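See below for structure-v3.cif, which holds mmCIF, C-alpha atoms (C1' of nucleotides).
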data_upload
#
loop_
_atom_site.label_atom_id
_atom_site.label_comp_id
_atom_site.auth_asym_id
_atom_site.auth_seq_id
_atom_site.Cartn_x
_atom_site.Cartn_y
_atom_site.Cartn_z
CA MET Q 1 8.43 -4.15 -16.98
CA HIS Q 2 4.94 -3.29 -15.87
CA SER Q 3 2.93 -3.92 -12.74
CA PRO Q 4 -0.52 -2.97 -11.43
CA GLU Q 5 -1.16 -0.79 -8.39
CA LEU Q 6 -2.90 -3.75 -6.90
CA LEU Q 7 0.30 -5.71 -6.50
CA LYS Q 8 1.05 -3.75 -3.34
CA GLY Q 9 1.17 -5.98 -0.34
CA THR Q 10 1.07 -9.21 -2.31
CA LEU Q 11 4.66 -9.33 -3.57
CA GLN Q 12 6.08 -11.02 -0.49
CA THR Q 13 3.43 -13.71 -0.60
CA ILE Q 14 4.08 -14.36 -4.28
CA LEU Q 15 7.80 -14.73 -3.66
CA LEU Q 16 7.27 -17.11 -0.75
CA LYS Q 17 4.83 -19.18 -2.78
CA VAL Q 18 6.98 -19.64 -5.88
CA LEU Q 19 10.03 -20.45 -3.78
CA LYS Q 20 7.98 -22.95 -1.80
CA ASP Q 21 6.85 -24.68 -4.99
CA HIS Q 22 9.99 -24.48 -7.07
CA GLY Q 23 12.75 -24.70 -4.49
CA LYS Q 24 15.86 -22.61 -5.08
CA MET Q 25 15.49 -19.86 -7.64
CA TYR Q 26 17.33 -16.71 -8.64
CA GLY Q 27 15.78 -13.30 -9.08
CA TYR Q 28 15.48 -13.18 -12.82
CA GLU Q 29 14.10 -16.70 -12.85
CA ILE Q 30 11.39 -15.65 -10.38
CA THR Q 31 10.27 -12.78 -12.60
CA MET Q 32 10.01 -15.16 -15.55
CA ARG Q 33 8.10 -17.75 -13.54
CA VAL Q 34 5.60 -15.20 -12.23
CA LYS Q 35 5.17 -13.80 -15.71
CA GLU Q 36 4.37 -17.28 -16.99
CA LEU Q 37 2.04 -18.22 -14.13
CA SER Q 38 0.14 -14.97 -14.52
CA ASP Q 39 -0.12 -15.23 -18.30
CA ARG Q 40 2.03 -12.08 -18.68
CA ARG Q 41 -0.17 -10.04 -16.38
CA LEU Q 42 2.29 -9.68 -13.51
CA MET Q 43 5.66 -8.32 -14.47
CA LEU Q 44 7.82 -7.90 -11.37
CA THR Q 45 10.13 -4.93 -11.54
CA GLU Q 46 13.69 -5.19 -10.30
CA GLY Q 47 13.19 -2.15 -8.10
CA ALA Q 48 10.54 -4.06 -6.19
CA LEU Q 49 11.99 -7.54 -6.46
CA TYR Q 50 15.55 -7.16 -5.21
CA PRO Q 51 14.81 -5.02 -2.16
CA ALA Q 52 12.07 -7.49 -1.23
CA LEU Q 53 14.40 -10.47 -1.55
CA HIS Q 54 17.11 -8.71 0.46
CA LYS Q 55 14.66 -7.86 3.18
CA LEU Q 56 13.40 -11.42 3.45
CA GLU Q 57 16.97 -12.64 3.62
CA ALA Q 58 17.85 -10.16 6.37
CA GLU Q 59 14.86 -11.41 8.32
CA GLY Q 60 15.99 -15.01 8.11
CA ILE Q 61 13.09 -16.06 5.92
CA LEU Q 62 15.26 -16.74 2.88
CA LYS Q 63 18.81 -17.96 2.55
CA THR Q 64 21.11 -17.49 -0.41
CA ASP Q 65 23.61 -19.48 -2.32
CA THR Q 66 25.81 -17.61 -4.77
CA VAL Q 67 27.03 -19.42 -7.86
CA MET Q 68 29.32 -18.28 -10.66
CA ILE Q 69 27.95 -19.06 -14.11
CA GLY Q 70 30.95 -18.36 -16.32
CA LYS Q 71 31.89 -14.84 -15.25
CA ARG Q 72 28.40 -13.99 -14.11
CA VAL Q 73 27.11 -14.07 -10.54
CA ARG Q 74 23.86 -15.86 -9.91
CA LYS Q 75 22.25 -15.70 -6.50
CA TYR Q 76 19.90 -18.50 -5.60
CA TYR Q 77 17.26 -17.91 -2.96
CA SER Q 78 15.47 -20.60 -0.96
CA LEU Q 79 13.21 -20.75 2.08
CA THR Q 80 14.60 -21.37 5.56
CA SER Q 81 12.48 -23.49 7.89
CA THR Q 82 11.03 -20.28 9.33
CA GLY Q 83 10.31 -19.28 5.76
CA ARG Q 84 8.41 -22.46 5.01
CA THR Q 85 6.06 -21.88 7.92
CA LEU Q 86 5.60 -18.26 6.94
CA ALA Q 87 4.94 -19.18 3.32
CA LYS Q 88 2.04 -21.37 4.30
CA ASN Q 89 0.55 -18.73 6.59
CA ARG Q 90 0.91 -15.95 4.06
CA VAL Q 91 -0.70 -17.94 1.28
CA ASP Q 92 -3.61 -18.93 3.53
CA GLU Q 93 -4.01 -15.31 4.53
CA LEU Q 94 -4.02 -14.08 0.94
CA VAL Q 95 -6.53 -16.74 -0.13
CA ASP Q 96 -8.77 -15.70 2.74
CA PHE Q 97 -8.39 -12.08 1.73
CA ILE Q 98 -9.27 -12.88 -1.88
CA ASN Q 99 -12.39 -14.73 -0.79
CA THR Q 100 -13.37 -11.85 1.46
CA MET Q 101 -12.84 -9.45 -1.41
CA SER Q 102 -15.07 -11.48 -3.69
CA ASN Q 103 -17.82 -11.26 -1.08
CA VAL Q 104 -17.41 -7.52 -0.77
CA LEU Q 105 -17.45 -7.11 -4.54
CA GLN Q 106 -20.24 -9.66 -4.75
CA VAL Q 107 -18.78 -11.37 -7.77
CA LYS Q 108 -18.17 -14.98 -8.65
CA LEU Q 109 -14.62 -15.91 -9.44
CA ALA Q 110 -13.49 -18.02 -12.35
CA MET S 1 -10.53 -0.39 13.82
CA HIS S 2 -8.30 -2.97 12.18
CA SER S 3 -7.27 -3.73 8.63
CA PRO S 4 -4.89 -6.12 6.83
CA GLU S 5 -1.75 -5.09 4.96
CA LEU S 6 -3.36 -6.50 1.86
CA LEU S 7 -6.02 -3.83 1.70
CA LYS S 8 -3.52 -1.50 0.04
CA GLY S 9 -4.61 -0.59 -3.42
CA THR S 10 -8.09 -2.04 -3.10
CA LEU S 11 -9.75 0.61 -0.95
CA GLN S 12 -10.78 2.87 -3.85
CA THR S 13 -12.35 -0.04 -5.67
CA ILE S 14 -14.28 -1.09 -2.58
CA LEU S 15 -15.61 2.43 -2.09
CA LEU S 16 -16.69 2.73 -5.71
CA LYS S 17 -18.38 -0.66 -5.60
CA VAL S 18 -20.43 -0.11 -2.45
CA LEU S 19 -21.49 3.34 -3.63
CA LYS S 20 -22.47 1.87 -6.99
CA ASP S 21 -24.64 -0.75 -5.32
CA HIS S 22 -26.11 1.23 -2.46
CA GLY S 23 -26.41 4.73 -3.89
CA LYS S 24 -25.69 7.63 -1.57
CA MET S 25 -23.90 6.72 1.64
CA TYR S 26 -21.99 8.52 4.36
CA GLY S 27 -18.57 7.56 5.64
CA TYR S 28 -19.53 5.77 8.80
CA GLU S 29 -22.24 3.89 6.95
CA ILE S 30 -19.67 2.68 4.41
CA THR S 31 -17.42 1.27 7.13
CA MET S 32 -20.40 -0.59 8.62
CA ARG S 33 -21.48 -1.93 5.24
CA VAL S 34 -17.99 -3.17 4.37
CA LYS S 35 -17.66 -4.74 7.79
CA GLU S 36 -20.92 -6.60 7.22
CA LEU S 37 -20.14 -7.67 3.64
CA SER S 38 -16.72 -8.95 4.71
CA ASP S 39 -18.04 -10.79 7.77
CA ARG S 40 -16.05 -8.47 10.05
CA ARG S 41 -12.79 -9.12 8.21
CA LEU S 42 -12.38 -5.67 6.68
CA MET S 43 -12.55 -2.81 9.12
CA LEU S 44 -11.89 0.46 7.31
CA THR S 45 -9.99 2.99 9.37
CA GLU S 46 -10.99 6.63 9.35
CA GLY S 47 -7.42 7.64 8.54
CA ALA S 48 -7.69 5.73 5.29
CA LEU S 49 -11.35 6.29 4.54
CA TYR S 50 -11.79 10.05 4.75
CA PRO S 51 -8.69 11.04 2.77
CA ALA S 52 -9.73 8.52 0.12
CA LEU S 53 -13.26 9.95 -0.10
CA HIS S 54 -11.92 13.51 -0.25
CA LYS S 55 -9.54 12.59 -3.00
CA LEU S 56 -12.26 10.94 -5.08
CA GLU S 57 -14.44 13.99 -4.60
CA ALA S 58 -11.65 16.35 -5.66
CA GLU S 59 -11.20 14.26 -8.78
CA GLY S 60 -14.86 14.55 -9.72
CA ILE S 61 -15.55 10.87 -9.19
CA LEU S 62 -17.79 11.42 -6.19
CA LYS S 63 -20.12 14.26 -5.28
CA THR S 64 -21.34 15.16 -1.81
CA ASP S 65 -24.52 16.24 -0.19
CA THR S 66 -24.30 17.53 3.38
CA VAL S 67 -27.26 17.02 5.66
CA MET S 68 -27.83 18.12 9.25
CA ILE S 69 -29.17 15.34 11.44
CA GLY S 70 -30.17 17.25 14.56
CA LYS S 71 -26.97 19.13 15.37
CA ARG S 72 -24.75 16.60 13.64
CA VAL S 73 -23.29 16.92 10.15
CA ARG S 74 -23.69 13.96 7.86
CA LYS S 75 -21.98 13.97 4.50
CA TYR S 76 -23.47 11.74 1.84
CA TYR S 77 -21.29 10.59 -1.02
CA SER S 78 -22.50 9.34 -4.38
CA LEU S 79 -20.97 8.54 -7.78
CA THR S 80 -20.90 11.11 -10.56
CA SER S 81 -21.41 9.80 -14.09
CA THR S 82 -17.63 9.68 -14.47
CA GLY S 83 -17.61 7.75 -11.24
CA ARG S 84 -20.07 5.17 -12.47
CA THR S 85 -17.90 4.36 -15.46
CA LEU S 86 -14.81 4.21 -13.31
CA ALA S 87 -16.53 1.95 -10.78
CA LYS S 88 -17.24 -0.63 -13.42
CA ASN S 89 -13.69 -0.55 -14.78
CA ARG S 90 -12.11 -0.74 -11.37
CA VAL S 91 -14.22 -3.71 -10.29
CA ASP S 92 -13.45 -5.56 -13.54
CA GLU S 93 -9.78 -4.83 -13.04
CA LEU S 94 -9.79 -6.11 -9.46
CA VAL S 95 -11.67 -9.27 -10.42
CA ASP S 96 -9.12 -9.88 -13.14
CA PHE S 97 -6.31 -9.30 -10.67
CA ILE S 98 -7.86 -11.73 -8.20
CA ASN S 99 -8.16 -14.39 -10.86
CA THR S 100 -4.55 -13.82 -11.90
CA MET S 101 -3.48 -14.08 -8.28
CA SER S 102 -5.28 -17.37 -7.85
CA ASN S 103 -3.39 -18.74 -10.85
CA VAL S 104 -0.08 -17.57 -9.45
CA LEU S 105 -0.88 -19.07 -6.06
CA GLN S 106 -2.33 -22.13 -7.80
CA VAL S 107 -5.26 -22.34 -5.48
CA LYS S 108 -8.97 -22.85 -6.03
CA LEU S 109 -11.22 -20.17 -4.67
CA ALA S 110 -14.37 -20.73 -2.67
"C1'" DG K 1 -29.17 12.38 35.77
"C1'" DT K 2 -24.63 10.87 34.54
"C1'" DC K 3 -21.30 8.19 32.27
"C1'" DT K 4 -19.93 5.11 28.52
"C1'" DA K 5 -20.26 3.43 23.95
"C1'" DA K 6 -21.45 4.39 19.57
"C1'" DT K 7 -21.99 7.69 15.95
"C1'" DA K 8 -19.62 10.96 12.83
"C1'" DC K 9 -16.58 13.99 11.07
"C1'" DA K 10 -11.42 15.33 10.23
"C1'" DT K 11 -6.22 15.88 9.88
"C1'" DA K 12 -1.11 15.21 10.76
"C1'" DA K 13 3.14 12.56 11.33
"C1'" DT K 14 5.15 8.59 10.14
"C1'" DT K 15 6.01 4.24 7.86
"C1'" DC K 16 6.10 1.10 4.24
"C1'" DT K 17 6.19 -0.39 -0.36
"C1'" DC K 18 6.46 0.23 -4.88
"C1'" DT K 19 7.73 3.02 -9.27
"C1'" DT K 20 10.91 5.13 -11.96
"C1'" DA K 21 15.43 5.91 -13.06
"C1'" DT K 22 19.93 4.68 -13.24
"C1'" DG K 23 24.13 1.88 -13.22
"C1'" DT K 24 27.15 -2.17 -14.30
"C1'" DA K 25 28.31 -6.10 -16.94
"C1'" DA K 26 28.13 -10.82 -19.41
"C1'" DT K 27 25.97 -13.53 -22.92
"C1'" DT K 28 23.25 -14.72 -26.96
"C1'" DA K 29 21.16 -14.07 -31.43
"C1'" DG K 30 20.84 -11.96 -35.71
"C1'" DC B 1 29.28 -6.24 -34.32
"C1'" DT B 2 25.48 -4.66 -32.22
"C1'" DA B 3 21.01 -5.14 -30.02
"C1'" DA B 4 18.37 -7.83 -26.95
"C1'" DT B 5 18.45 -10.57 -23.13
"C1'" DT B 6 20.25 -12.10 -18.92
"C1'" DA B 7 21.45 -10.68 -14.17
"C1'" DC B 8 22.63 -8.20 -10.44
"C1'" DA B 9 21.92 -3.69 -7.58
"C1'" DT B 10 20.64 0.92 -5.43
"C1'" DA B 11 18.59 5.64 -4.84
"C1'" DA B 12 15.10 9.31 -5.12
"C1'" DG B 13 10.51 10.08 -4.98
"C1'" DA B 14 5.55 9.11 -4.83
"C1'" DG B 15 1.47 7.16 -2.94
"C1'" DA B 16 -1.34 4.89 0.25
"C1'" DA B 17 -2.22 3.26 4.55
"C1'" DT B 18 -1.33 3.15 9.87
"C1'" DT B 19 -1.34 5.23 14.10
"C1'" DA B 20 -2.46 8.93 16.83
"C1'" DT B 21 -5.07 12.66 17.90
"C1'" DG B 22 -8.88 15.92 18.01
"C1'" DT B 23 -13.82 17.49 18.25
"C1'" DA B 24 -18.59 16.81 19.09
"C1'" DT B 25 -23.42 14.63 19.26
"C1'" DT B 26 -26.51 11.03 20.61
"C1'" DA B 27 -28.25 6.74 22.66
"C1'" DG B 28 -28.40 3.52 26.16
"C1'" DA B 29 -27.25 1.61 30.66
"C1'" DC B 30 -27.48 2.02 35.45
#
Could you show the structure in this file as structure tokens?
Amino acid sequence: MHSPELLKGTLQTILLKVLKDHGKMYGYEITMRVKELSDRRLMLTEGALYPALHKLEAEGILKTDTVMIGKRVRKYYSLTSTGRTLAKNRVDELVDFINTMSNVLQVKLA
Amino acid sequence: MHSPELLKGTLQTILLKVLKDHGKMYGYEITMRVKELSDRRLMLTEGALYPALHKLEAEGILKTDTVMIGKRVRKYYSLTSTGRTLAKNRVDELVDFINTMSNVLQVKLA
DNA sequence: GTCTAATACATAATTCTCTTATGTAATTAG
DNA sequence: CTAATTACATAAGAGAATTATGTATTAGAC
């Protein structure tokens, strides 16, 4: 998988947003969803994804639900109520940042 | 000075862009310019700024020109020809990233 | 005339996040 | 039957920024 330098700092927000919109999802599913939404431009790596999910869980922002699919473990993540509030704030913050950045770069966005 | 988490990864591009548009500038001047362009939202810290400028200089992307203003040293930075090419690429890349991000977040930008 | 804020440079220790690499294992498609 | 995909996970290392600190000049307020 591949990912740009620029992803730094935005991963958490992306995770919160997709979980907010799509409800419970498992790790691999999230990578596929982000890949699709980004038209193959953002490929989340496992080394970034799983530690990030674990951290958010430890902080009470996500909760998990482990399911056995045949002999395989699948771990579903979803937002807690704290997480829902945070998701909204983080997305607003990132949108604001993106708008600020477009002013600094003095470009019009598509 | 204060700066958001999200700045990570975008500082270089910002520096290249303002130097591309405003020609030779010194460090403090850059922080003031970015503050103005961002409507006080982006406040570059010296701890981030100077190492970044030094690195770009060491890589041949920026060149410097030291001037004495009274008894004070002022170090002007400007793009080398390599730097001009890089500036364009980096800005294009960041704009593309921002557009991708707005698709992932499914928001419209101002 | 003196003190504070602003101007202007710089570096070091630490923290945080991601990349790269590695490991395990089940399932599906050819 | 074997390669690709699905699906989890962790560890070592790199890179970039934060926070803290340091030095020094100059302008403005009082």
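Counting from atom CA of Val91 of chain Q, the distance to atom CA of Asn99 of chain S is 14.7 Å.
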Starting from the displayed file, determine the output of the PyMOL selection byres ((chain B) within 8 of (chain Q)) and express the residue list as a short mmCIF file (atom, residue, chain, number, x, y, z; two decimals) with C-alpha atoms (C1' of nucleotides), keeping the file's coordinate frame.
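So selection02.cif came out as:
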data_model
loop_
_atom_site.label_atom_id
_atom_site.label_comp_id
_atom_site.auth_asym_id
_atom_site.auth_seq_id
_atom_site.Cartn_x
_atom_site.Cartn_y
_atom_site.Cartn_z
"C1'" DT B 6 20.25 -12.10 -18.92
"C1'" DA B 7 21.45 -10.68 -14.17
"C1'" DC B 8 22.63 -8.20 -10.44
"C1'" DA B 9 21.92 -3.69 -7.58
#
_So the first atom is atom CA of Leu86 of chain S and the second is atom CA of Ala48 of chain S; what is the distance between them in Å, to one decimal place?_
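It comes out at 20.0 Å.
Using all atoms listed in the file, the smallest distance between any of S:Thr100, S:Thr13, S:Lys108, S:Lys63 and chain Q comes from S:Thr100.
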Write out, as a Markdown table, each residue of chain Q that has an atom at most 6 Å from chain S, together with the closest pair of atoms and their distance in Å to one decimal, counting all atoms listed in the file, rows going by chain and rising number.
| residue | atom | partner | partner_atom | distance |
| --- | --- | --- | --- | --- |
| Q:Leu6 | CA | S:Gly9 | CA | 5.0 |
| Q:Gly9 | CA | S:Leu6 | CA | 5.1 |
| Q:Leu37 | CA | S:Val104 | CA | 5.2 |
| Q:Ser38 | CA | S:Thr100 | CA | 5.5 |
| Q:Thr100 | CA | S:Ser38 | CA | 5.5 |
| Q:Val104 | CA | S:Leu37 | CA | 5.2 |
Just C-alpha atoms for this one: save the residues we selected as a compact mmCIF listing (two decimals), keeping the file's coordinate frame.
# COMPACT_ATOMS: atom_id res chain seq x y z
CA LEU Q 6 -2.90 -3.75 -6.90
CA GLY Q 9 1.17 -5.98 -0.34
CA LEU Q 37 2.04 -18.22 -14.13
CA SER Q 38 0.14 -14.97 -14.52
CA THR Q 100 -13.37 -11.85 1.46
CA VAL Q 104 -17.41 -7.52 -0.77
*Test item: the PyMOL selection byres ((chain B and resi 22) around 9) resolved as a list in words*: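 Output from the PyMOL selection byres ((chain B and resi 22) around 9), applied to this file: DA10 and DT11 of chain K; DT21 and DT23 of chain B.
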*Between atom CA of Met32 of chain S and atom CA of Gly60 of chain S, measure the distance and give it in Å to one decimal.*
24.4 Å
Since I can't run it myself right now, could you work out what the PyMOL selection byres ((chain K) within 12 of (chain S)) selects here and report it as a CSV table (one decimal) with C-alpha atoms (C1' of nucleotides), in the frame of the given file?
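Ended up saving to out_22.csv:
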chain,number,residue,atom,x,y,z
K,6,DA,C1',-21.4,4.4,19.6
K,7,DT,C1',-22.0,7.7,16.0
K,8,DA,C1',-19.6,11.0,12.8
K,9,DC,C1',-16.6,14.0,11.1
K,10,DA,C1',-11.4,15.3,10.2
K,11,DT,C1',-6.2,15.9,9.9
K,12,DA,C1',-1.1,15.2,10.8
K,13,DA,C1',3.1,12.6,11.3
K,16,DC,C1',6.1,1.1,4.2
K,17,DT,C1',6.2,-0.4,-0.4
K,18,DC,C1',6.5,0.2,-4.9
*Around (4.2, 6.5, 1.0) in the file's own coordinates, what residues are found within 10 Å if you use all atoms listed in the file, given back as a list in words?*
DT14, DT15, DC16, DT17 and DC18 of chain K; DG13, DA14, DG15, DA16 and DA17 of chain B
For the selection just defined, write its residues with C-alpha atoms (C1' of nucleotides) to a file, as a compact mmCIF listing (two decimals), keeping the file's coordinate frame.
# COMPACT_ATOMS: atom_id res chain seq x y z
C1' DT K 14 5.15 8.59 10.14
C1' DT K 15 6.01 4.24 7.86
C1' DC K 16 6.10 1.10 4.24
C1' DT K 17 6.19 -0.39 -0.36
C1' DC K 18 6.46 0.23 -4.88
C1' DG B 13 10.51 10.08 -4.98
C1' DA B 14 5.55 9.11 -4.83
C1' DG B 15 1.47 7.16 -2.94
C1' DA B 16 -1.34 4.89 0.25
C1' DA B 17 -2.22 3.26 4.55
*Pick from S:Ile30, S:Met25, S:Ile61, S:Leu11: nearest to Thr85 of chain S, with only C-alpha atoms counted?*
S:Ile61
